[in-house]
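Chemist: Data: upload_36.pdb, PDB, C-alpha atoms.
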```
ATOM      1  CA  GLN A   1     -71.460  38.266 254.658
ATOM      2  CA  VAL A   2     -72.655  37.218 251.211
ATOM      3  CA  GLN A   3     -71.124  34.751 248.796
ATOM      4  CA  LEU A   4     -71.177  35.489 245.077
ATOM      5  CA  VAL A   5     -70.412  32.626 242.701
ATOM      6  CA  GLU A   6     -69.782  33.347 239.040
ATOM      7  CA  SER A   7     -69.951  30.876 236.192
ATOM      8  CA  GLY A   8     -70.111  30.840 232.418
ATOM      9  CA  GLY A   9     -66.652  31.988 231.465
ATOM     10  CA  GLY A  10     -64.521  30.237 228.872
ATOM     11  CA  LEU A  11     -62.805  30.457 225.523
ATOM     12  CA  VAL A  12     -64.729  31.897 222.595
ATOM     13  CA  GLN A  13     -63.812  33.075 219.112
ATOM     14  CA  PRO A  14     -64.094  36.732 218.133
ATOM     15  CA  GLY A  15     -67.672  37.567 217.267
ATOM     16  CA  GLY A  16     -68.987  34.845 219.555
ATOM     17  CA  SER A  17     -71.179  35.024 222.633
ATOM     18  CA  LEU A  18     -71.072  33.989 226.264
ATOM     19  CA  ARG A  19     -73.453  34.391 229.172
ATOM     20  CA  LEU A  20     -72.075  34.865 232.646
ATOM     21  CA  SER A  21     -74.101  34.118 235.752
ATOM     22  CA  CYS A  22     -73.604  35.159 239.359
ATOM     23  CA  VAL A  23     -75.599  33.567 242.147
ATOM     24  CA  ALA A  24     -75.806  35.295 245.528
ATOM     25  CA  SER A  25     -76.273  33.622 248.876
ATOM     26  CA  ASP A  26     -78.120  36.414 250.671
ATOM     27  CA  ASN A  27     -81.864  36.512 251.271
ATOM     28  CA  VAL A  28     -82.503  40.149 250.348
ATOM     29  CA  PHE A  29     -80.785  40.093 246.958
ATOM     30  CA  SER A  30     -83.480  42.201 245.316
ATOM     31  CA  ILE A  31     -82.649  45.423 247.167
ATOM     32  CA  TYR A  32     -78.981  45.607 246.201
ATOM     33  CA  THR A  33     -77.196  46.955 243.167
ATOM     34  CA  MET A  34     -75.426  44.216 241.234
ATOM     35  CA  GLY A  35     -72.667  44.690 238.726
ATOM     36  CA  TRP A  36     -70.032  43.131 236.556
ATOM     37  CA  TYR A  37     -66.435  44.299 236.471
ATOM     38  CA  ARG A  38     -63.396  42.989 234.640
ATOM     39  CA  GLN A  39     -59.665  43.036 235.113
ATOM     40  CA  THR A  40     -56.601  42.208 233.032
ATOM     41  CA  PRO A  41     -53.054  41.775 234.369
ATOM     42  CA  GLY A  42     -51.432  45.053 235.291
ATOM     43  CA  LYS A  43     -54.625  47.059 234.978
ATOM     44  CA  GLU A  44     -57.225  48.277 237.427
ATOM     45  CA  ARG A  45     -60.553  46.548 237.693
ATOM     46  CA  GLU A  46     -63.064  48.358 235.500
ATOM     47  CA  HIS A  47     -66.823  48.656 235.498
ATOM     48  CA  VAL A  48     -68.618  46.761 232.733
ATOM     49  CA  ALA A  49     -72.301  46.939 233.637
ATOM     50  CA  SER A  50     -74.521  47.404 236.656
ATOM     51  CA  ILE A  51     -78.198  47.068 237.496
ATOM     52  CA  ALA A  52     -79.870  48.705 240.460
ATOM     53  CA  SER A  53     -82.728  47.314 242.518
ATOM     54  CA  GLY A  54     -85.186  49.439 240.572
ATOM     55  CA  GLY A  55     -83.852  48.170 237.264
ATOM     56  CA  GLN A  56     -81.686  51.154 236.296
ATOM     57  CA  ILE A  57     -78.835  49.960 234.107
ATOM     58  CA  ASN A  58     -75.457  51.409 233.260
ATOM     59  CA  TYR A  59     -72.897  50.164 230.756
ATOM     60  CA  ALA A  60     -69.319  51.020 230.033
ATOM     61  CA  ASP A  61     -68.977  52.733 226.660
ATOM     62  CA  SER A  62     -66.776  49.901 225.443
ATOM     63  CA  VAL A  63     -69.560  47.313 225.798
ATOM     64  CA  GLN A  64     -72.645  49.421 225.041
ATOM     65  CA  GLY A  65     -74.759  47.695 222.422
ATOM     66  CA  ARG A  66     -72.919  44.382 222.754
ATOM     67  CA  PHE A  67     -73.454  43.363 226.378
ATOM     68  CA  SER A  68     -76.691  43.094 228.313
ATOM     69  CA  ILE A  69     -77.107  42.831 232.079
ATOM     70  CA  SER A  70     -80.198  41.411 233.735
ATOM     71  CA  ARG A  71     -81.273  40.012 237.065
ATOM     72  CA  ASN A  72     -83.671  37.404 238.407
ATOM     73  CA  ASN A  73     -84.475  38.277 242.013
ATOM     74  CA  ILE A  74     -86.257  34.994 242.678
ATOM     75  CA  LYS A  75     -83.177  33.042 241.628
ATOM     76  CA  LYS A  76     -80.888  35.622 243.270
ATOM     77  CA  THR A  77     -78.904  35.713 240.067
ATOM     78  CA  VAL A  78     -77.456  38.425 237.871
ATOM     79  CA  TYR A  79     -76.512  37.722 234.267
ATOM     80  CA  LEU A  80     -74.230  39.264 231.706
ATOM     81  CA  GLN A  81     -75.008  38.376 228.107
ATOM     82  CA  MET A  82     -71.967  39.155 225.995
ATOM     83  CA  ASN A  83     -72.339  39.263 222.219
ATOM     84  CA  SER A  84     -69.982  40.245 219.410
ATOM     85  CA  LEU A  85     -67.040  39.523 221.646
ATOM     86  CA  LYS A  86     -63.675  41.051 220.822
ATOM     87  CA  PRO A  87     -60.160  40.027 221.854
ATOM     88  CA  GLU A  88     -60.014  43.139 224.038
ATOM     89  CA  ASP A  89     -62.890  41.738 226.099
ATOM     90  CA  THR A  90     -60.499  39.090 227.395
ATOM     91  CA  ALA A  91     -60.308  39.454 231.174
ATOM     92  CA  VAL A  92     -61.324  37.985 234.489
ATOM     93  CA  TYR A  93     -64.914  39.017 235.082
ATOM     94  CA  TYR A  94     -66.082  39.675 238.632
ATOM     95  CA  CYS A  95     -69.553  39.942 240.073
ATOM     96  CA  ARG A  96     -70.094  42.760 242.570
ATOM     97  CA  GLN A  97     -72.814  43.506 245.066
ATOM     98  CA  TYR A  98     -73.123  47.002 246.502
ATOM     99  CA  ARG A  99     -75.153  47.665 249.626
ATOM    100  CA  ALA A 100     -76.004  51.357 249.811
ATOM    101  CA  SER A 101     -77.380  50.979 253.344
ATOM    102  CA  THR A 102     -73.949  50.050 254.722
ATOM    103  CA  GLY A 103     -71.616  51.203 251.968
ATOM    104  CA  ARG A 104     -70.191  47.693 251.757
ATOM    105  CA  THR A 105     -69.123  45.969 248.583
ATOM    106  CA  TYR A 106     -68.788  42.233 248.027
ATOM    107  CA  TRP A 107     -66.992  40.442 245.196
ATOM    108  CA  GLY A 108     -67.129  37.032 243.637
ATOM    109  CA  GLN A 109     -64.045  34.986 242.889
ATOM    110  CA  GLY A 110     -64.055  35.830 239.189
ATOM    111  CA  THR A 111     -64.434  33.860 235.982
ATOM    112  CA  GLN A 112     -62.014  33.956 233.060
ATOM    113  CA  VAL A 113     -63.231  35.034 229.637
ATOM    114  CA  THR A 114     -60.823  34.582 226.744
ATOM    115  CA  VAL A 115     -61.657  35.798 223.250
ATOM    116  CA  SER A 116     -59.241  34.349 220.744
ATOM    117  CA  SER A 117     -59.146  32.582 217.424
TER     118      SER A 117
END
```
Reformat the file's structure so that it appears as structure tokens.
Modeler:
Amino acid sequence: QVQLVESGGGLVQPGGSLRLSCVASDNVFSIYTMGWYRQTPGKEREHVASIASGGQINYADSVQGRFSISRNNIKKTVYLQMNSLKPEDTAVYYCRQYRASTGRTYWGQGTQVTVSS
């Protein structure tokens, strides 16, 4: 079992920036795919960005060019830099770890991001 703890959410004006962080408790963090997902009330959780162990990155079309995902394997942390934020980016953002070896997925508790003037 791994614990994922997100931080960095908050209230920001449109056009502003936030950086989310997710710290993992496991000792082999570097071999797993990490990702960020978001969810709004009444909607399914959607993929935002992910980064594989080899550094391959994928973004949702809606955030391409505005968000940037990165990881620090020594700190066991994955980041999501969010720039040019829009009101439609408002959501609870969740950190996800995917273990291909077992097919298991782990989630953090989520952090609220609100983009509003």
Chemist: Compile the contact shell of A:Lys75 as a list in words: residues with an atom at most 10 Å away, counting only C-alpha atoms, same-chain residues fewer than 4 positions apart removed.
Modeler: Val23, Ala24, Phe29, Ser30 and Arg71 of chain A
Chemist: Near stretch 44-51 of chain A, within 7 Å and counting only C-alpha atoms, which residues show up once chain neighbours fewer than 4 positions away are dropped, as a list in words?
Modeler: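 Here the answer would be Thr33, Met34, Gly35, Trp36, Tyr37, Arg38, Gln39, Gly55, Gln56, Ile57, Asn58, Tyr59, Ala60 and Ile69 of chain A.
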Chemist: Write out, as an mmCIF file, in the frame of the given file, the residues just selected, with C-alpha atoms.
Modeler:
```cif
data_model
loop_
_atom_site.group_PDB
_atom_site.id
_atom_site.type_symbol
_atom_site.label_atom_id
_atom_site.label_comp_id
_atom_site.auth_asym_id
_atom_site.auth_seq_id
_atom_site.Cartn_x
_atom_site.Cartn_y
_atom_site.Cartn_z
ATOM 1 C CA THR A 33 -77.196 46.955 243.167
ATOM 2 C CA MET A 34 -75.426 44.216 241.234
ATOM 3 C CA GLY A 35 -72.667 44.690 238.726
ATOM 4 C CA TRP A 36 -70.032 43.131 236.556
ATOM 5 C CA TYR A 37 -66.435 44.299 236.471
ATOM 6 C CA ARG A 38 -63.396 42.989 234.640
ATOM 7 C CA GLN A 39 -59.665 43.036 235.113
ATOM 8 C CA GLY A 55 -83.852 48.170 237.264
ATOM 9 C CA GLN A 56 -81.686 51.154 236.296
ATOM 10 C CA ILE A 57 -78.835 49.960 234.107
ATOM 11 C CA ASN A 58 -75.457 51.409 233.260
ATOM 12 C CA TYR A 59 -72.897 50.164 230.756
ATOM 13 C CA ALA A 60 -69.319 51.020 230.033
ATOM 14 C CA ILE A 69 -77.107 42.831 232.079
#
```
Chemist: Identify all residues satisfying the PyMOL selection byres ((chain A and resi 66) around 12) in the given file; provide them as a PDB file with C-alpha atoms, keeping the file's coordinate frame.
Modeler:
```pdb
ATOM      1  CA  GLY A  15     -67.672  37.567 217.267  1.00  0.00           C
ATOM      2  CA  GLY A  16     -68.987  34.845 219.555  1.00  0.00           C
ATOM      3  CA  SER A  17     -71.179  35.024 222.633  1.00  0.00           C
ATOM      4  CA  LEU A  18     -71.072  33.989 226.264  1.00  0.00           C
ATOM      5  CA  ARG A  19     -73.453  34.391 229.172  1.00  0.00           C
ATOM      6  CA  VAL A  48     -68.618  46.761 232.733  1.00  0.00           C
ATOM      7  CA  ALA A  49     -72.301  46.939 233.637  1.00  0.00           C
ATOM      8  CA  TYR A  59     -72.897  50.164 230.756  1.00  0.00           C
ATOM      9  CA  ALA A  60     -69.319  51.020 230.033  1.00  0.00           C
ATOM     10  CA  ASP A  61     -68.977  52.733 226.660  1.00  0.00           C
ATOM     11  CA  SER A  62     -66.776  49.901 225.443  1.00  0.00           C
ATOM     12  CA  VAL A  63     -69.560  47.313 225.798  1.00  0.00           C
ATOM     13  CA  GLN A  64     -72.645  49.421 225.041  1.00  0.00           C
ATOM     14  CA  GLY A  65     -74.759  47.695 222.422  1.00  0.00           C
ATOM     15  CA  PHE A  67     -73.454  43.363 226.378  1.00  0.00           C
ATOM     16  CA  SER A  68     -76.691  43.094 228.313  1.00  0.00           C
ATOM     17  CA  ILE A  69     -77.107  42.831 232.079  1.00  0.00           C
ATOM     18  CA  LEU A  80     -74.230  39.264 231.706  1.00  0.00           C
ATOM     19  CA  GLN A  81     -75.008  38.376 228.107  1.00  0.00           C
ATOM     20  CA  MET A  82     -71.967  39.155 225.995  1.00  0.00           C
ATOM     21  CA  ASN A  83     -72.339  39.263 222.219  1.00  0.00           C
ATOM     22  CA  SER A  84     -69.982  40.245 219.410  1.00  0.00           C
ATOM     23  CA  LEU A  85     -67.040  39.523 221.646  1.00  0.00           C
ATOM     24  CA  LYS A  86     -63.675  41.051 220.822  1.00  0.00           C
ATOM     25  CA  ASP A  89     -62.890  41.738 226.099  1.00  0.00           C
TER      26      ASP A  89
END
```
Chemist: Would you pick out the contacts of A:Leu4 at 9 Å or less, using only C-alpha atoms, so that residues sharing its chain but fewer than 2 positions from it are not included, and give the list as a count of residues only?
Modeler: 14
Chemist: Suppose you want the space between atom CA of A:Thr111 and atom CA of A:Gln3; what is it in Å?
Modeler: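 According to the coordinates, atom CA of A:Thr111 and atom CA of A:Gln3 are separated by 14.5 Å.
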Chemist: Could you state the separation of atom CA of A:Tyr93 and atom CA of A:Ser7 in Å, given to one decimal place?
Modeler: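 It comes out at 9.6 Å.
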Chemist: Any idea what the distance is between atom CA of A:Ser116 and atom CA of A:Ser21?
Modeler: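 Taking atom CA of A:Ser116 and atom CA of A:Ser21, their separation equals 21.1 Å.
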Chemist: The centre and edge lengths of an axis-aligned box containing all atoms of stretch 95-114 of chain A present in the file, extended by 4 Å on each side, are to be given in Å to one decimal, as AutoDock Vina command-line options.
Modeler:
```
--center_x -69.1 --center_y 42.6 --center_z 240.7 --size_x 24.6 --size_y 25.5 --size_z 36.0
```
Chemist: Give me stretch 41-53 of chain A with N, CA, C and O atoms filled in, as a compact mmCIF listing (two decimals), in the coordinates of the input.
Modeler:
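The file below, rebuild-v5.txt, is the result:
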```txt
# COMPACT_ATOMS: atom_id res chain seq x y z
N PRO A 41 -54.31 41.63 233.60
CA PRO A 41 -53.05 41.78 234.37
C PRO A 41 -52.45 43.16 234.20
O PRO A 41 -52.34 43.68 233.08
N GLY A 42 -52.08 43.76 235.31
CA GLY A 42 -51.43 45.05 235.29
C GLY A 42 -52.37 46.24 235.17
O GLY A 42 -51.91 47.38 235.16
N LYS A 43 -53.66 45.97 235.10
CA LYS A 43 -54.62 47.06 234.98
C LYS A 43 -55.60 47.04 236.14
O LYS A 43 -55.80 46.02 236.79
N GLU A 44 -56.23 48.19 236.37
CA GLU A 44 -57.22 48.28 237.43
C GLU A 44 -58.52 47.60 236.98
O GLU A 44 -58.82 47.51 235.79
N ARG A 45 -59.25 47.14 237.98
CA ARG A 45 -60.55 46.55 237.69
C ARG A 45 -61.47 47.65 237.16
O ARG A 45 -61.52 48.75 237.72
N GLU A 46 -62.21 47.35 236.11
CA GLU A 46 -63.06 48.36 235.50
C GLU A 46 -64.52 47.91 235.45
O GLU A 46 -64.82 46.72 235.32
N HIS A 47 -65.39 48.90 235.55
CA HIS A 47 -66.82 48.66 235.50
C HIS A 47 -67.24 48.23 234.10
O HIS A 47 -66.80 48.82 233.10
N VAL A 48 -68.07 47.22 234.01
CA VAL A 48 -68.62 46.76 232.73
C VAL A 48 -70.10 47.12 232.64
O VAL A 48 -70.54 47.74 231.68
N ALA A 49 -70.87 46.69 233.64
CA ALA A 49 -72.30 46.94 233.64
C ALA A 49 -72.83 46.80 235.06
O ALA A 49 -72.27 46.06 235.86
N SER A 50 -73.89 47.52 235.35
CA SER A 50 -74.52 47.40 236.66
C SER A 50 -76.02 47.57 236.53
O SER A 50 -76.51 48.23 235.59
N ILE A 51 -76.74 46.98 237.49
CA ILE A 51 -78.20 47.07 237.50
C ILE A 51 -78.65 47.29 238.93
O ILE A 51 -78.31 46.53 239.84
N ALA A 52 -79.40 48.36 239.13
CA ALA A 52 -79.87 48.70 240.46
C ALA A 52 -81.12 47.93 240.81
O ALA A 52 -81.72 47.25 239.97
N SER A 53 -81.54 48.04 242.07
CA SER A 53 -82.73 47.31 242.52
C SER A 53 -83.97 47.72 241.74
O SER A 53 -84.85 46.89 241.50
```
